[in-house]
Amino acid sequence: MTVFAIEMRGIDKRFGAVHANSKVDFIVEAGTIHGLIGENGAGKSTLMSILYGFYHPDAGSIRINGKTVSIRTSQDAIRAGIGMVHQHFMLVDTFTVVENVMLGAEGGPFTAAGEVAVRQKLAQLAANYGLEVHPDDIVENLGVGELQRVEILKALVRDARILILDEPTAVLTPTEVEHLFRMLRRLRDEGKTIVIVTHKLKEIMAVTDAVSVMRRGEMVGTTKTRGTNPQQLADLMVGRRVALKVEKTPAPPGGVVLSVRNLTVLDSHGVARVDGVSFDIRAGEIVGIAGVSGNGQSELLEVIAGIRKPTSGTIALKGEALLTGAKDEARRLRHHGVRHVPEDRHRMGLVKEFEAAESAMLGYHAEPTYGRGLLLNRERIVSDCQAKMDAFDVRPANPTLKTALFSGGNQQKIVLAREFERDPVLLLVGQPTRGVDIGAVEFIHRRLVALRDAGKAILLVSVELDEIMALSDRILVMCGGRITGERSPDRTNEQDLGLLMAGVTERAA
Amino acid sequence: MKRPAGDLPLWYSAGLVPFLNVVLAFLVAGLVVLAIGANPLQAVRILFTGALGSWYGMGYTLYYTTTFIFTGLAVAIAFHAGHFNIGGEGQALLGGVGVAVIVLNLQFLPPILLVPLAVLGAAAAGAAWAFIPGWLQAYRGSHVVITTIMFNFLAFALLGYLLLEVMKRPDSMALETRPFIDGAKLPRLDELAVLFGLSITRTPVNLSLVLALLCAAGMWLLIWRTRLGYEIRTVGANPTAAVYAGVSPAQITVIVMLIGGALAGMMATNEILGVQHRLISDFTAGAGFVGIAVALMGRGHPVGIVLAALLFGVLYQGGAELAFEIPAITRDMIVVIQGLVILFAGALENMLRDRLGRVIFRMRASEA
Amino acid sequence: MEQWFGLALVALDSAVRLSVPLLFACLAGLFSERSGVVDIGLEGKMLIGAFAAGVVAALVPNPWLGLLAAILVSTLFALIHGFASITQRGNQIVSGVAINVLAAGLTAILGNAWFGQGGRTPQLPGEARFNEIAWPLAEEARALPIIGPFYAEVVSGHSALVYLCFAAVPLTWFALYRTRFGLRLRAVGENPHAVDTAGISVTRLRYSAVLLCGVLCGMGGAYLALAQSAGFVNDMTAGKGFIALAALIFAKWRPVPALGACLLFGFLDAVAIRLQGVPLPLVGQVPVQAIQSVPYVLTVVLLAGFIGKAVPPKAIGVPYTKDR
């Protein structure tokens with residue numbers, strides 16, 4: 001009889017009206033790498049949070065290695081041999097590696113003895129699994145890959161036999177991902193059980209032994225990885241056949257709209273986030289920027305939108321220099337027809353506390369449409385929002401409802417309506433479909449292509465390679481702040497782009 | 001999961017909850033009254049009849065209300081931009097200095113010019129004192145809470161120095177300037193009433209009450225009906241979104257601190273220009289801190305602030321009567337109630353709102 | 001020369017005395033703020049502590065009972081702040097203001113009602129106070145050059161609370177940097193999520209810090225009422241809680257620099273009292289308000305980043321919620 005490392009049965013969890021987990025069974029065989037996939041909001045994170053004692057299920061039972069356990073706190077989970085590596089690292093920046101690893105496993109009221117033990121254990125783990133770290137480094141100064149290693153070590157020092165990794169590859173380069181996977185296989189071969197939570201099908205295929213798929217709070221299937229394929233998993237995730245292609249006819253681009261020359265952005269530490277970038281965008285073309293998140297795409301987008309000041313370089317719109325260094329640059333650029341859909345709508349694109357109508361004029365509140373002189377005209381604001389809501393089929397189409405009360409997809413539609421419906425000259429779009437359901441994705445993609453066909457210049461930044469490949473007329477790949485290559489979508493593939501995303505350029509290769 | 005507060009009805013979040021918080025503060029204050037061996041019910045009766053039972057009482061009540069409208073608005077405007085201006089006390093002190101400097105140096109001007117100039121002086125001096133913490137917050141990241149606390153102490157030190165060494169009236173031991181000329185006084189309401197052939201009891205309430213109400217109306221217009229107000233609210237709710245929209249949070253921070261300082265400074269028009277007619281030390285008497293209670297109770301809305309200021313006006317006037325009738329209950333009782341209001345309506349605002357809110361949700365759900 | 005040395009010793013001696021309430025409050029704030037709970041209510045807790053000490057010592061002439069009362073009442077107020085900040089996730093600044101206002105009102109009204117002396121508590125007899133402890137051979141040692149007078153004036157002749165206070169500095173240091181509690185405390189102020197996922201209760205940790213803060217504020221209050229004065233006087237903290245806050249920022253939330261900052265501010269206070277009306281060489285007469293303002297000005301300048309940079313614990317002032 002096979003031993004099950006994890007046996008979660010009949011797990012049920014509601015948050016108010018949201019049924020996050022509905023009678024979920026999740027069973028993982030010991031000594032395997034098990035994938036858990038699903039769209040955003042499918043209930044994966046909730047399920048794993050329950051397993052780690054962060055939430056209490058309304059119903060259901062959990063068995064670990066055949067024994068029924070009650071996991072009420074993270075402490076219980078740790079005691080049951082479960083370790084978790086969160087997507088957002090749970091580390092204290094000002095602490096050293098050893099202090100971070102020790103936290104919660106100090107081995108007594110004084111730290112001196114525990115510290116010695118932890119150092120020994122770290123050395124041992126380094127020898128056994130190749131998990132090398134410098135124990136006295138301050139965590140603040142470490143790179144993403146190293147941070148993840150510290151997180152894994154935290155779990156292993158506590159003798160975790162089950163390791164849960166939440167979206168472990170989101171911030172890693174393909175090379176780092178390879179390294180991580182090698183490490184995970186090694187841990188599995190030593191008898192550990194590993195659960196990877198992700199929405200990236202490719203990685204599931206590459207590293208897992210079995211995979212479970214969730215959709216809308218339900219577990220819709222578990223299968224051996226060898227017996228399935230990405231298309232089948234995608235269909236399971238979404239619940240119907242997905243068209244990964246966007247209908248698009250080739251269109252001849254017009255004159256140059258945006259031209260960026262030698263753009264460099266240094267951060268407060270003097271590190272180049274954007275490093276000597278130059279490119280053009282013509283009217284009627286979509287230029288996609290591919291790259292692992294955190295490689296300068298966000299900064300590039302923000303500079304062109306006037307939110308962030310470049311250290312050097314020039315940007316011109318239709319031949320006219322754009323950046324003046326003025327305080328209200330973003331507002332000035334809007335005046336010139338630059339429209340910007342920000343990458344993170346919650347942080348930047350909307351004000352959740354505002355009525356939808358007020359969010360729908362964010363950035364354009366100085367325009368005469370909304371009132372006379374210093375005053376605003378409420379009727380105008382509401383009717384303008386109503387028109388946009390109708391055009392983009394926002395539901396509920398109620399401009400006086402609080403922004404926070406709309407679903408993610410509808411919030412995004414409010415942002416898109418605000419930017420698309422204002423006759424853009426240049427459209428900057430960041431992660432247009434992040435956290436948006438499949439139906440809305442198709443709608444958004446069609447709108448983008450329609451704008452392109454209407455002769456608008458569009459810069460698209462997305463971490464979803466599929467999206468970049470499906471929409472772009474040209475693809476630029478960024479890594480470490482530089483453009484590492486340019487490709488035409490019909491003359492490249494994921495492997496090729498992956499190499500460029502890892503910084504392997506033609507010359508070096 | 002956090003439920004957004006916005007789907008609760010207005011009568012609930014802006015009416016019932018603040019009311020219950022005040023009731024709660026009064027109940028605890030009642031315990032204090034019991035602890036000193038007095039009868040709380042009798043105390044409440046004396047308090048309210050003392051404040052509202054006569055024209056005389058009402059006049060004083062409105063005089064205190066005027067002060068608290070100014071200091072309440074001063075705290076609230078910064079709230080809207082996400083900042084906490086604890087410096088009302090110091091800004092008001094400087095407002096007094098502003099009034100005195102104008103009046104004592106320009107007394108050759110006709111009253112029709114001198115008085116408005118003195119009001120402007122109060123606003124300008126308060127704004128200037130608030131500008132430094134505002135600027136430091138905006139451009140140097142120094143937390144405005146800490147710097148305004150420090151600036152309160154500095155204002156006291158400055159006023160102490162000025163009254164002792166620079167502006168002191170030479171013929172008196174008291175720490176005060178020489179009295180203002182008659183032309184440099186804001187008329188009392190009873191004086192104005194005479195012009196209309198009415199006769200009302202003489203009390204300190206003066207024209208600055210009208211000024212305070214105008215300021216409250218102006219703030220409503222500013223916050224909810226102007227582009228600048230929209231920018232202020234955007235910065236308060238989501239500074240990153242403000243940057244995205246081309247609004248500079250730093251600029252807005254300085255602007256709200258300037259407006260807040262000006263409002264706090266104008267408190268001196270009531271106290272100095274309206275009543276004292278000379279600059280004295282410590283004339284603010286904690287009004288800047290009452291402003292915090294008023295702003296919290298009024299939930300930052302001008303209408304709420306006027307009502308909360310009125311409540312505190314009642315408390316201050318009624319409290320004076322109370323101290324007279326029952327000497328054991330000194331005017332410090334008001335300070336206790338003020339502390340309790342800040343505690344319940346401010347720091348513990350979630351306690352009642354969420355608990356009762358859940359009940360309301362359940363009631364609605366069962367109706368549906 | 002000798003006269004100047006004598007003066008310096010006297011000034012140093014009073015600096016030690018004046019810095020004690022600052023140091024108690026500063027260390028109190030250090031525990032609270034290191035755990036991520038802002039505390040601008042140090043002033044109020046110290047005041048209500050002083051009041052409790054004065055009341056109890058007036059009823060039972062025993063300073064230790066007075067101290068206990070101060071600690072209990074101050075801790076009760078700390079608990080209110082903890083309940084508002086940790087359990088109710090309220091605004092910590094607002095809660096601190098409430099504590100200060102409440103303490104000011106309560107001490108005045110209760111003191112007046114109970115003792116009828118305008119808010120004072122009765123003058124305490126010697127046995128109800130913390131008296132000065134003369135160290136062995138203090139008088140004999142005076143003969144030794146420099147060290148002798150220093151020992152006699154500055155080291156010897158303080159009350160038990162003074163020594164307790166200065167002992168609290170190394171103890172705090174040890175607790176913070178050498179114990180499990182300290183490691184967790186420093187962590188929870190920087191990243192409570194890291195603490196929570198390590199299986200440690202953020203709530204319990206923050207409450208312990210807030211309680212410790214209450215205990216130390218109570219001790220500071222007891223010092224004011226039972227050692228520095230003979231009983232409670234209205235508003236006797238007179239802004240010391242805020243100077244302590246300034247010292248905490250100045251010390252960048254570290255115990256040993258906190259000692260330095262409090263001694264400096266205590267010294268300035270001592271100097272301000274002594275220099276009243278005394279002309280100084282070169283600058284002439286310095287207004288006493290100018291010297292009193294120095295701690296506030298220094299803090300503002302430091303916060304502005306013109307001399308170094310005071311970086312507070314990262315999670316300070318933010319109520320902890322599990323939701324992501």
# chains A, B, ... in the order shown; residues from 1 in each chain; ligands from 1

$ residues_around --residues "Arg180 (chain C)" --least-positions-apart "5" --cutoff "10 Å" --atoms "only C-alpha atoms" --output "list in words"
Met102, Leu103, Gly104, Ala105, Glu106, Gly107, Gly108, Pro109, Phe110, Thr111, Ala112 and Gly114 of chain A; Ala175 and Leu185 of chain C

$ residues_around --residues "region 468-482 of chain A" --least-positions-apart "3" --cutoff "9 Å" --atoms "only C-alpha atoms" --output "PyMOL selection string"
chain A and resi 173+244-248+250-251+264-265+272-277+279+285-292+294-297+299-300+445+448-449+459-465+485-490+492-494+497+500-503

$ residues_around --residues "region 125-133 of chain C" --least-positions-apart "3" --cutoff "10 Å" --atoms "only C-alpha atoms" --output "JSON list (two decimals) with C-alpha atoms, in the first residue's frame"
[["chain", "number", "residue", "atom", "x", "y", "z"],
["C", 53, "ALA", "CA", 2.62, 55.95, 43.29],
["C", 54, "GLY", "CA", 1.82, 59.21, 45.04],
["C", 56, "VAL", "CA", -0.56, 54.67, 47.44],
["C", 57, "ALA", "CA", 2.53, 55.98, 49.19],
["C", 58, "ALA", "CA", 0.37, 58.64, 50.84],
["C", 59, "LEU", "CA", -1.97, 55.97, 52.16],
["C", 60, "VAL", "CA", 0.67, 53.35, 53.04],
["C", 61, "PRO", "CA", 4.07, 54.90, 53.67],
["C", 62, "ASN", "CA", 6.06, 52.34, 51.74],
["C", 63, "PRO", "CA", 7.81, 53.33, 48.51],
["C", 64, "TRP", "CA", 7.87, 49.78, 47.19],
["C", 65, "LEU", "CA", 4.10, 49.54, 47.41],
["C", 66, "GLY", "CA", 3.97, 52.88, 45.65],
["C", 67, "LEU", "CA", 6.20, 51.52, 42.93],
["C", 122, "PRO", "CA", -0.10, 64.90, 50.14],
["C", 136, "PRO", "CA", 30.57, 52.61, 51.09],
["C", 156, "SER", "CA", 27.10, 57.45, 45.20],
["C", 157, "GLY", "CA", 24.07, 59.04, 46.76],
["C", 158, "HIS", "CA", 21.18, 58.12, 44.47],
["C", 159, "SER", "CA", 18.00, 56.24, 45.20],
["C", 160, "ALA", "CA", 17.50, 52.57, 44.41],
["C", 161, "LEU", "CA", 15.43, 53.46, 41.34],
["C", 162, "VAL", "CA", 18.35, 55.30, 39.78],
["C", 163, "TYR", "CA", 20.56, 52.25, 39.97],
["C", 222, "ALA", "CA", 7.25, 56.21, 40.53],
["C", 223, "TYR", "CA", 10.69, 57.81, 40.33],
["C", 225, "ALA", "CA", 6.66, 61.00, 42.59],
["C", 226, "LEU", "CA", 8.68, 59.03, 45.14],
["C", 227, "ALA", "CA", 12.31, 59.93, 44.51],
["C", 228, "GLN", "CA", 12.62, 63.22, 42.64],
["C", 229, "SER", "CA", 9.69, 64.82, 44.49],
["C", 230, "ALA", "CA", 7.81, 64.01, 47.65],
["C", 231, "GLY", "CA", 4.45, 63.21, 46.14]]

$ select_by_dssp --residues "region 249-350 of chain B" --states "alpha helix (DSSP H)" --output "ChimeraX atom specification"
/B:249-268,287-297,302-325,332-341,349-350

$ closest_atom_pairs --of "chain C" --to "chain A" --cutoff "10 Å" --atoms "only C-alpha atoms" --output "Markdown table"
| residue | atom | partner | partner_atom | distance |
| --- | --- | --- | --- | --- |
| C:Phe174 | CA | A:Phe110 | CA | 9.6 |
| C:Ala175 | CA | A:Phe110 | CA | 8.8 |
| C:Tyr177 | CA | A:Thr111 | CA | 8.4 |
| C:Arg178 | CA | A:Thr111 | CA | 5.6 |
| C:Thr179 | CA | A:Phe110 | CA | 4.1 |
| C:Arg180 | CA | A:Pro109 | CA | 5.0 |
| C:Phe181 | CA | A:Pro109 | CA | 7.2 |
| C:Gly182 | CA | A:Thr111 | CA | 9.1 |
| C:Leu183 | CA | A:Leu103 | CA | 7.1 |
| C:Arg184 | CA | A:Leu103 | CA | 6.6 |
| C:Arg186 | CA | A:Phe95 | CA | 9.0 |
| C:Ala187 | CA | A:Val92 | CA | 6.2 |
| C:Val188 | CA | A:Val92 | CA | 8.6 |
| C:Gly189 | CA | A:Val92 | CA | 9.3 |
| C:Glu190 | CA | A:Val92 | CA | 6.2 |
| C:Asn191 | CA | A:Val92 | CA | 5.7 |
| C:Pro192 | CA | A:Val92 | CA | 8.7 |
| C:His193 | CA | A:Met90 | CA | 6.1 |
| C:Ala194 | CA | A:Met90 | CA | 4.3 |
| C:Val195 | CA | A:Leu103 | CA | 7.3 |
| C:Asp196 | CA | A:Ser74 | CA | 7.4 |
| C:Thr197 | CA | A:Ser74 | CA | 6.0 |
| C:Ala198 | CA | A:Gly104 | CA | 5.3 |
| C:Gly199 | CA | A:Gln75 | CA | 4.0 |
| C:Ile200 | CA | A:Gly104 | CA | 6.4 |
| C:Ser201 | CA | A:Thr73 | CA | 9.0 |
| C:Pro313 | CA | A:Thr94 | CA | 9.5 |
| C:Lys314 | CA | A:Asp93 | CA | 9.3 |
| C:Lys322 | CA | A:Phe54 | CA | 7.7 |
| C:Asp323 | CA | A:Phe54 | CA | 9.3 |
| C:Arg324 | CA | A:His88 | CA | 9.8 |

$ closest_residue --among "C:Ile99, C:Pro170, C:Ala272, C:Gly241" --to "chain B" --atoms "only C-alpha atoms"
C:Ile99

$ residues_around --residues "Gly274 (chain B)" --least-positions-apart "5" --cutoff "9 Å" --atoms "only C-alpha atoms" --output "MDAnalysis selection string"
chainID B and resid 185:188 204:208 268:269

$ atom_distance --atom1 "CA of Phe312 (chain B)" --atom2 "CA of Leu106 (chain C)"
17.7 Å

$ interface_residues --of "chain C" --to "chain B" --cutoff "6 Å" --atoms "only C-alpha atoms" --output "list of chain:residue names"
C:Ala84, C:Gly90, C:Asn91, C:Val94, C:Ser95, C:Ala98, C:Val101, C:Leu102, C:Gly105, C:Leu106, C:Ile109, C:Ala113, C:Gln289, C:Tyr296, C:Val300, C:Leu303, C:Ala304

$ write_last_selection --atoms "N, CA and C atoms" --output "mmCIF file, in the first residue's frame"
data_model
loop_
_atom_site.group_PDB
_atom_site.id
_atom_site.type_symbol
_atom_site.label_atom_id
_atom_site.label_comp_id
_atom_site.auth_asym_id
_atom_site.auth_seq_id
_atom_site.Cartn_x
_atom_site.Cartn_y
_atom_site.Cartn_z
ATOM 1 N N ALA C 84 -6.253 48.381 21.797
ATOM 2 C CA ALA C 84 -6.617 49.211 20.646
ATOM 3 C C ALA C 84 -5.705 48.918 19.453
ATOM 4 N N GLY C 90 -6.545 49.334 15.737
ATOM 5 C CA GLY C 90 -6.871 50.753 15.616
ATOM 6 C C GLY C 90 -5.633 51.564 15.284
ATOM 7 N N ASN C 91 -5.826 52.860 15.138
ATOM 8 C CA ASN C 91 -4.722 53.762 14.855
ATOM 9 C C ASN C 91 -3.895 53.964 16.127
ATOM 10 N N VAL C 94 -3.494 57.612 17.389
ATOM 11 C CA VAL C 94 -4.716 58.096 18.041
ATOM 12 C C VAL C 94 -4.821 57.498 19.437
ATOM 13 N N SER C 95 -4.537 56.221 19.550
ATOM 14 C CA SER C 95 -4.612 55.566 20.846
ATOM 15 C C SER C 95 -3.634 56.200 21.834
ATOM 16 N N ALA C 98 -5.005 59.402 23.020
ATOM 17 C CA ALA C 98 -6.084 59.146 23.987
ATOM 18 C C ALA C 98 -5.512 58.851 25.366
ATOM 19 N N VAL C 101 -4.211 62.137 26.963
ATOM 20 C CA VAL C 101 -5.280 63.050 27.383
ATOM 21 C C VAL C 101 -6.005 62.470 28.591
ATOM 22 N N LEU C 102 -6.291 61.186 28.513
ATOM 23 C CA LEU C 102 -7.011 60.520 29.600
ATOM 24 C C LEU C 102 -6.217 60.605 30.908
ATOM 25 N N GLY C 105 -6.325 64.124 32.378
ATOM 26 C CA GLY C 105 -7.615 64.432 32.986
ATOM 27 C C GLY C 105 -7.842 63.661 34.278
ATOM 28 N N LEU C 106 -7.586 62.377 34.231
ATOM 29 C CA LEU C 106 -7.876 61.529 35.395
ATOM 30 C C LEU C 106 -7.042 61.904 36.605
ATOM 31 N N ILE C 109 -8.404 65.244 38.074
ATOM 32 C CA ILE C 109 -9.714 65.252 38.725
ATOM 33 C C ILE C 109 -9.737 64.336 39.949
ATOM 34 N N ALA C 113 -10.247 65.423 43.842
ATOM 35 C CA ALA C 113 -11.402 64.910 44.570
ATOM 36 C C ALA C 113 -10.981 64.144 45.822
ATOM 37 N N GLN C 289 14.645 79.143 27.232
ATOM 38 C CA GLN C 289 13.807 78.417 26.269
ATOM 39 C C GLN C 289 14.647 77.809 25.146
ATOM 40 N N TYR C 296 14.233 68.916 21.158
ATOM 41 C CA TYR C 296 13.235 68.896 20.085
ATOM 42 C C TYR C 296 13.858 69.251 18.747
ATOM 43 N N VAL C 300 14.192 66.858 15.394
ATOM 44 C CA VAL C 300 13.665 67.246 14.082
ATOM 45 C C VAL C 300 14.778 67.207 13.040
ATOM 46 N N LEU C 303 15.533 63.615 12.249
ATOM 47 C CA LEU C 303 14.467 63.023 11.447
ATOM 48 C C LEU C 303 14.524 63.522 10.012
ATOM 49 N N ALA C 304 14.976 64.745 9.865
ATOM 50 C CA ALA C 304 15.055 65.304 8.523
ATOM 51 C C ALA C 304 16.221 64.711 7.743
#

$ interface_residues --of "chain A" --to "chain B" --cutoff "7 Å" --atoms "only C-alpha atoms" --output "mmCIF file with C-alpha atoms, in the first residue's frame"
data_model
loop_
_atom_site.group_PDB
_atom_site.id
_atom_site.type_symbol
_atom_site.label_atom_id
_atom_site.label_comp_id
_atom_site.auth_asym_id
_atom_site.auth_seq_id
_atom_site.Cartn_x
_atom_site.Cartn_y
_atom_site.Cartn_z
ATOM 1 C CA PHE A 15 -14.952 33.814 3.223
ATOM 2 C CA ILE A 307 6.014 58.470 -13.334
ATOM 3 C CA ASP A 328 3.565 66.725 -13.201
ATOM 4 C CA GLU A 329 5.159 64.846 -16.096
ATOM 5 C CA ALA A 330 2.545 62.088 -16.033
ATOM 6 C CA ARG A 331 -0.237 64.622 -16.441
ATOM 7 C CA ARG A 347 -1.541 49.719 -6.228
ATOM 8 C CA MET A 348 -1.648 52.235 -9.011
ATOM 9 C CA GLY A 349 -4.522 52.105 -11.431
ATOM 10 C CA LEU A 350 -7.458 52.600 -9.123
ATOM 11 C CA VAL A 351 -8.408 54.038 -5.777
ATOM 12 C CA GLU A 353 -11.998 53.604 -1.621
ATOM 13 C CA LEU A 362 -7.992 59.115 -12.288
ATOM 14 C CA GLY A 363 -5.275 61.070 -14.052
ATOM 15 C CA HIS A 365 -9.445 64.902 -13.370
ATOM 16 C CA ALA A 366 -7.957 68.190 -14.589
ATOM 17 C CA LEU A 374 -11.341 74.602 -10.063
ATOM 18 C CA LEU A 375 -14.669 72.883 -9.537
ATOM 19 C CA LEU A 376 -15.752 69.392 -10.473
ATOM 20 C CA LYS A 402 -17.319 51.697 -4.522
#

$ select_by_dssp --residues "region 80-191 of chain A" --states "strand (DSSP E)" --output "list in words"
Ile82, Gly83, Met84, Val85, Ile162, Leu163, Ile164, Leu165 and Asp166 of chain A

$ write_last_selection --atoms "C-alpha atoms" --output "PDB file, in the first residue's frame"
ATOM      1  CA  ILE A  82       5.430  20.706   7.024  1.00  0.00           C
ATOM      2  CA  GLY A  83       7.541  23.550   5.705  1.00  0.00           C
ATOM      3  CA  MET A  84       6.325  26.328   3.460  1.00  0.00           C
ATOM      4  CA  VAL A  85       8.149  28.619   1.067  1.00  0.00           C
ATOM      5  CA  ILE A 162       6.899  17.989   3.391  1.00  0.00           C
ATOM      6  CA  LEU A 163       7.866  21.150   1.525  1.00  0.00           C
ATOM      7  CA  ILE A 164       5.256  23.441  -0.016  1.00  0.00           C
ATOM      8  CA  LEU A 165       6.466  26.008  -2.539  1.00  0.00           C
ATOM      9  CA  ASP A 166       4.025  28.754  -3.557  1.00  0.00           C
TER      10      ASP A 166
END

$ residues_around --residues "Phe242 (chain C)" --least-positions-apart "4" --cutoff "10 Å" --atoms "only C-alpha atoms" --output "PDB file with N, CA and C atoms, in the first residue's frame"
ATOM      1  N   ILE B 146       5.604  62.984  14.643  1.00  0.00           N
ATOM      2  CA  ILE B 146       6.681  63.292  15.586  1.00  0.00           C
ATOM      3  C   ILE B 146       7.095  64.759  15.465  1.00  0.00           C
ATOM      4  N   ILE B 149       4.611  67.107  17.040  1.00  0.00           N
ATOM      5  CA  ILE B 149       4.704  67.070  18.506  1.00  0.00           C
ATOM      6  C   ILE B 149       5.859  67.953  18.961  1.00  0.00           C
ATOM      7  N   MET B 150       7.013  67.783  18.299  1.00  0.00           N
ATOM      8  CA  MET B 150       8.187  68.573  18.657  1.00  0.00           C
ATOM      9  C   MET B 150       7.901  70.063  18.445  1.00  0.00           C
ATOM     10  N   PHE B 153       6.060  71.818  21.296  1.00  0.00           N
ATOM     11  CA  PHE B 153       6.935  72.240  22.386  1.00  0.00           C
ATOM     12  C   PHE B 153       7.737  73.471  21.981  1.00  0.00           C
TER      13      PHE B 153
ATOM     14  N   LEU C  22      13.603  59.967  31.891  1.00  0.00           N
ATOM     15  CA  LEU C  22      13.730  59.891  30.430  1.00  0.00           C
ATOM     16  C   LEU C  22      14.136  58.486  30.020  1.00  0.00           C
ATOM     17  N   ALA C  25      11.382  55.828  30.422  1.00  0.00           N
ATOM     18  CA  ALA C  25      10.385  55.969  29.362  1.00  0.00           C
ATOM     19  C   ALA C  25      10.971  55.591  28.007  1.00  0.00           C
ATOM     20  N   CYS C  26      12.231  55.916  27.808  1.00  0.00           N
ATOM     21  CA  CYS C  26      12.872  55.637  26.530  1.00  0.00           C
ATOM     22  C   CYS C  26      13.012  54.137  26.309  1.00  0.00           C
ATOM     23  N   ILE C  40       3.146  56.936  21.444  1.00  0.00           N
ATOM     24  CA  ILE C  40       3.352  58.331  21.833  1.00  0.00           C
ATOM     25  C   ILE C  40       2.656  58.577  23.170  1.00  0.00           C
ATOM     26  N   GLY C  41       2.241  57.488  23.827  1.00  0.00           N
ATOM     27  CA  GLY C  41       1.561  57.602  25.116  1.00  0.00           C
ATOM     28  C   GLY C  41       2.476  57.351  26.303  1.00  0.00           C
ATOM     29  N   LEU C  42       3.788  57.446  26.093  1.00  0.00           N
ATOM     30  CA  LEU C  42       4.730  57.252  27.199  1.00  0.00           C
ATOM     31  C   LEU C  42       4.456  58.282  28.290  1.00  0.00           C
ATOM     32  N   GLU C  43       4.220  59.504  27.849  1.00  0.00           N
ATOM     33  CA  GLU C  43       3.952  60.612  28.763  1.00  0.00           C
ATOM     34  C   GLU C  43       2.771  60.277  29.688  1.00  0.00           C
ATOM     35  N   GLY C  44       1.673  59.840  29.089  1.00  0.00           N
ATOM     36  CA  GLY C  44       0.471  59.562  29.868  1.00  0.00           C
ATOM     37  C   GLY C  44       0.671  58.416  30.843  1.00  0.00           C
ATOM     38  N   THR C 237       4.988  65.184  34.731  1.00  0.00           N
ATOM     39  CA  THR C 237       5.865  64.669  33.669  1.00  0.00           C
ATOM     40  C   THR C 237       6.319  65.799  32.749  1.00  0.00           C
ATOM     41  N   ALA C 238       5.455  66.804  32.552  1.00  0.00           N
ATOM     42  CA  ALA C 238       5.824  68.032  31.834  1.00  0.00           C
ATOM     43  C   ALA C 238       6.586  67.770  30.532  1.00  0.00           C
ATOM     44  N   ALA C 246      11.802  61.467  21.760  1.00  0.00           N
ATOM     45  CA  ALA C 246      12.844  62.088  20.951  1.00  0.00           C
ATOM     46  C   ALA C 246      14.169  61.352  21.139  1.00  0.00           C
ATOM     47  N   ALA C 247      14.483  61.001  22.400  1.00  0.00           N
ATOM     48  CA  ALA C 247      15.736  60.290  22.687  1.00  0.00           C
ATOM     49  C   ALA C 247      15.746  58.930  21.989  1.00  0.00           C
ATOM     50  N   LEU C 248      14.578  58.293  21.953  1.00  0.00           N
ATOM     51  CA  LEU C 248      14.468  56.970  21.321  1.00  0.00           C
ATOM     52  C   LEU C 248      14.801  57.062  19.838  1.00  0.00           C
ATOM     53  N   PRO C 295      16.560  69.457  22.676  1.00  0.00           N
ATOM     54  CA  PRO C 295      16.188  68.079  22.328  1.00  0.00           C
ATOM     55  C   PRO C 295      15.207  68.009  21.157  1.00  0.00           C
ATOM     56  N   TYR C 296      14.233  68.916  21.158  1.00  0.00           N
ATOM     57  CA  TYR C 296      13.235  68.896  20.085  1.00  0.00           C
ATOM     58  C   TYR C 296      13.858  69.251  18.747  1.00  0.00           C
TER      59      TYR C 296
END
